[in-house]
Amino acid sequence: MDKVDGINYLIAMAEVLELLGEPAEKIQAYQAAADSVTASTSYLWDQWLAGKGPAPEQIAPDISRTIYENARSGLATDLEALILQIPPGLFGLIQLPSLNPTLVRRLWIDGNIVSINQLERACKRERVMNLTGFDRNRQNRLMREIVELRRSRNRWLRSEAEIFARAREEEIAGTKGLLRMKRAGELRRDLEAVSEIVWVIAADNPRLVMGRIGTIVGASWSSEDQTDTIIIEVVDQPRERLVVVTEAEFAARHWLETGTESHTRAVLGELCQAANPHLLPASENEIYERASLSYIPPELRENRGEIDAAKAGTLPTLIVPGDIKGVLHVHTNWSDGRESIYQMVERAAGLGWEYIGITDHSQAAFYTHGLTPERIILQRTAIEKVRVSFPEMRIFHGIECDIQPDGQLDLPDSVLETLDFVIVSIHSVLQMERVAMTKRILKGIRNPHATMIAHPSGRLLLERESYPVDWDLVFDAAAETGTVIEFNARSERMDLDWRLIRNATKRGVLICINPDAHGVSSLSCINDGIAIARKGWLTADQVLNTKTGEQLNQWFERDF
């Protein structure tokens, strides 16, 4: 059982005990143990389980010998035995943001509600609002959360859909008569979350090839009005559509299945004015040429101004992965990262980057073993040692510093001014009103040492919506202070929302595309981020980390 498994075990035990109505002190012991283990380093945890390090009470003061032995063995038989006493549907209820284990227990014991479906029916009949701990507002909120949960179940993060799509393509690739197969729809447009995966397939005999593919995937075309399409629908995953056409029809159908309906309708409107509008095109380029439009990249086919720009010849040259010279949001095992400074720098150098920014968490994020002012000094020394081994790399020393609820930063100015740059961000007290949250962010980015704000909306795709913010005020303040806004490339964030990027860049605000890496393997997720950031019409000159190492060093030293 590694540290993450140990924390999950302790958290799960606390939840299960709370569901079963066990005494508060017993529940709190597990919660305290989880907090203590979270704040410890991975090295201490490994030493502790191996019996070589500190005594259990030194790692987690409230942990008992029984908890220690269960965590050490990794068997968690006590947890499994307790889970058998709980209706399985209760664990689904805990997924709803408005519920905690105590409220779920009340639904179970007082309301005989043990599943999402039962909760939905009870809310519709207004039974929930009368239970202890509930009211009409919470009941209405639960209804909204159930709708969102159901909506998200057949949606996947882009990264998950990519993995699934590759596997399906490998499964079908050898089908006799299949000439070529390309993705279309949401995945080709690089949406951050996908509800449908679409392919267009060219075949020498479409009907025959459809039958062969249907046998492989266990499905067939669905209706008489879609005789060229195989549809696969499975619970809790995006719908699949495989459109099988002749080679001559391929380019037109690939284009038609890629853009949004409003985009294709607008282009078809232009095509109707062209000569021979029904002549099958040989390529997508030809489609746009016939419509007297510049070629529109798939990512932009959302009908958000791209048609007018293509007509005027003012479409931007979008950023590509090769434009990135380095990244500036990287965690190491000094806080909650998995690898050392040396390992992260080594991987960045291997990716051909000129620089990397080390930005471990500040002390307010105690659950990540965040850095105190004293540890920041020690880390500076550690970075200096690594610089000797990588003379060709610039290693910038930064911090990810929490913006506290009152807008103050987690570290004093006297500490922040010693760093090369400062990322500010929010990790706690996310449920604030729009005006209060906006003021909090504005105060944070107006701190003279704030270089950049990370994952600015706080959203977690398919899990948590953005907190309410007045983006116009935030972007105006960022432009005024020269604060950079991050596009966080972690698959579950993709934050700033691409729909807001143009609002920021038109004010001259710089964007920084960062991996928010917590290990060497996650550094490369920046490429997924670039794909989605392109949807915000982002160009290389609007991105901070397309600067060279020397340019960036000078930019950090500027007096804005």
# chains A, B, ... in the order shown; residues from 1 in each chain; ligands from 1
>>> residues_around(residues="range 528-536 of chain A", least_positions_apart="4", cutoff="8 Å", atoms="only C-alpha atoms", output="ChimeraX atom specification")
/A:159,190-192,299-300,318-321,487-491,494,498-502,513-515
>>> atom_distance(atom1="CA of Gln95 in chain A", atom2="CA of Ser115 in chain A")
11.2 Å
>>> closest_residue(among="A:Leu279, A:Val429, A:Ile230, A:Ala312", to="Gly218 in chain A", atoms="only C-alpha atoms")
A:Ile230
>>> closest_residue(among="A:Gly214, A:Gly508, A:Asn140, A:Leu149", to="Glu171 in chain A", atoms="only C-alpha atoms")
A:Gly214
>>> closest_residue(among="A:Ile86, A:Leu179, A:Val194, A:Val543", to="Arg105 in chain A", atoms="only C-alpha atoms")
A:Ile86
>>> residues_around(residues="range 401-418 of chain A", least_positions_apart="5", cutoff="9 Å", atoms="only C-alpha atoms", output="PyMOL selection string")
chain A and resi 359-365+372-373+376+423-430+432+436-437+439-445+447-450
>>> write_last_selection(atoms="N, CA and C atoms", output="mmCIF file, in the first residue's frame")
data_model
loop_
_atom_site.group_PDB
_atom_site.id
_atom_site.type_symbol
_atom_site.label_atom_id
_atom_site.label_comp_id
_atom_site.auth_asym_id
_atom_site.auth_seq_id
_atom_site.Cartn_x
_atom_site.Cartn_y
_atom_site.Cartn_z
ATOM 1 N N THR A 359 7.409 25.033 -8.977
ATOM 2 C CA THR A 359 6.401 25.805 -8.236
ATOM 3 C C THR A 359 5.643 24.894 -7.272
ATOM 4 N N ASP A 360 6.283 24.525 -6.196
ATOM 5 C CA ASP A 360 5.587 23.723 -5.190
ATOM 6 C C ASP A 360 4.604 24.581 -4.413
ATOM 7 N N HIS A 361 3.698 23.913 -3.715
ATOM 8 C CA HIS A 361 2.641 24.619 -3.000
ATOM 9 C C HIS A 361 3.191 25.401 -1.812
ATOM 10 N N SER A 362 2.442 26.433 -1.440
ATOM 11 C CA SER A 362 2.795 27.214 -0.250
ATOM 12 C C SER A 362 2.178 26.567 0.987
ATOM 13 N N GLN A 363 2.510 27.113 2.151
ATOM 14 C CA GLN A 363 2.218 26.459 3.429
ATOM 15 C C GLN A 363 0.726 26.286 3.722
ATOM 16 N N ALA A 364 -0.134 27.142 3.168
ATOM 17 C CA ALA A 364 -1.568 27.007 3.447
ATOM 18 C C ALA A 364 -2.101 25.670 2.964
ATOM 19 N N ALA A 365 -1.506 25.149 1.897
ATOM 20 C CA ALA A 365 -1.898 23.834 1.385
ATOM 21 C C ALA A 365 -1.168 22.763 2.206
ATOM 22 N N THR A 372 6.992 26.173 3.809
ATOM 23 C CA THR A 372 7.108 27.308 4.723
ATOM 24 C C THR A 372 8.228 28.217 4.208
ATOM 25 N N PRO A 373 8.334 29.436 4.709
ATOM 26 C CA PRO A 373 9.450 30.296 4.295
ATOM 27 C C PRO A 373 10.811 29.635 4.494
ATOM 28 N N ILE A 376 11.412 27.108 1.738
ATOM 29 C CA ILE A 376 11.669 27.772 0.458
ATOM 30 C C ILE A 376 13.156 28.074 0.315
ATOM 31 N N ILE A 423 3.138 32.138 -8.795
ATOM 32 C CA ILE A 423 1.810 31.752 -9.267
ATOM 33 C C ILE A 423 0.849 31.860 -8.088
ATOM 34 N N VAL A 424 -0.286 32.502 -8.293
ATOM 35 C CA VAL A 424 -1.302 32.578 -7.241
ATOM 36 C C VAL A 424 -2.502 31.736 -7.674
ATOM 37 N N SER A 425 -3.183 31.147 -6.705
ATOM 38 C CA SER A 425 -4.312 30.280 -7.049
ATOM 39 C C SER A 425 -5.187 30.061 -5.827
ATOM 40 N N ILE A 426 -6.352 29.468 -6.072
ATOM 41 C CA ILE A 426 -7.326 29.203 -5.012
ATOM 42 C C ILE A 426 -7.515 27.698 -4.879
ATOM 43 N N HIS A 427 -7.420 27.198 -3.649
ATOM 44 C CA HIS A 427 -7.607 25.771 -3.385
ATOM 45 C C HIS A 427 -8.614 25.497 -2.279
ATOM 46 N N SER A 428 -9.107 26.517 -1.631
ATOM 47 C CA SER A 428 -9.997 26.300 -0.489
ATOM 48 C C SER A 428 -11.116 27.336 -0.507
ATOM 49 N N VAL A 429 -12.184 27.061 0.267
ATOM 50 C CA VAL A 429 -13.352 27.947 0.369
ATOM 51 C C VAL A 429 -13.800 28.354 -1.030
ATOM 52 N N LEU A 430 -14.252 27.375 -1.793
ATOM 53 C CA LEU A 430 -14.648 27.625 -3.176
ATOM 54 C C LEU A 430 -16.084 28.130 -3.295
ATOM 55 N N MET A 432 -18.130 30.712 -2.646
ATOM 56 C CA MET A 432 -18.299 32.127 -2.308
ATOM 57 C C MET A 432 -19.221 32.767 -3.335
ATOM 58 N N ALA A 436 -17.916 38.422 -3.937
ATOM 59 C CA ALA A 436 -16.848 38.133 -2.977
ATOM 60 C C ALA A 436 -15.704 37.374 -3.642
ATOM 61 N N MET A 437 -16.023 36.398 -4.489
ATOM 62 C CA MET A 437 -14.969 35.631 -5.157
ATOM 63 C C MET A 437 -14.192 36.517 -6.129
ATOM 64 N N LYS A 439 -13.715 39.771 -5.882
ATOM 65 C CA LYS A 439 -12.849 40.635 -5.076
ATOM 66 C C LYS A 439 -11.626 39.876 -4.574
ATOM 67 N N ARG A 440 -11.842 38.636 -4.176
ATOM 68 C CA ARG A 440 -10.735 37.796 -3.685
ATOM 69 C C ARG A 440 -9.673 37.617 -4.776
ATOM 70 N N ILE A 441 -10.115 37.276 -5.983
ATOM 71 C CA ILE A 441 -9.180 37.070 -7.093
ATOM 72 C C ILE A 441 -8.480 38.367 -7.461
ATOM 73 N N LEU A 442 -9.246 39.464 -7.528
ATOM 74 C CA LEU A 442 -8.659 40.760 -7.893
ATOM 75 C C LEU A 442 -7.570 41.172 -6.907
ATOM 76 N N LYS A 443 -7.838 40.968 -5.630
ATOM 77 C CA LYS A 443 -6.839 41.332 -4.625
ATOM 78 C C LYS A 443 -5.590 40.476 -4.773
ATOM 79 N N GLY A 444 -5.791 39.184 -5.084
ATOM 80 C CA GLY A 444 -4.652 38.292 -5.259
ATOM 81 C C GLY A 444 -3.779 38.680 -6.438
ATOM 82 N N ILE A 445 -4.388 38.947 -7.588
ATOM 83 C CA ILE A 445 -3.577 39.240 -8.774
ATOM 84 C C ILE A 445 -3.012 40.658 -8.752
ATOM 85 N N ASN A 447 -1.557 41.832 -6.109
ATOM 86 C CA ASN A 447 -0.345 41.814 -5.299
ATOM 87 C C ASN A 447 0.849 42.049 -6.233
ATOM 88 N N PRO A 448 1.746 42.954 -5.896
ATOM 89 C CA PRO A 448 2.844 43.291 -6.818
ATOM 90 C C PRO A 448 3.751 42.121 -7.167
ATOM 91 N N HIS A 449 3.709 41.040 -6.389
ATOM 92 C CA HIS A 449 4.587 39.899 -6.668
ATOM 93 C C HIS A 449 3.879 38.800 -7.464
ATOM 94 N N ALA A 450 2.579 38.955 -7.714
ATOM 95 C CA ALA A 450 1.827 37.932 -8.444
ATOM 96 C C ALA A 450 2.175 37.994 -9.928
#
>>> atom_distance(atom1="CA of Ala291 in chain A", atom2="CA of Leu271 in chain A")
4.7 Å
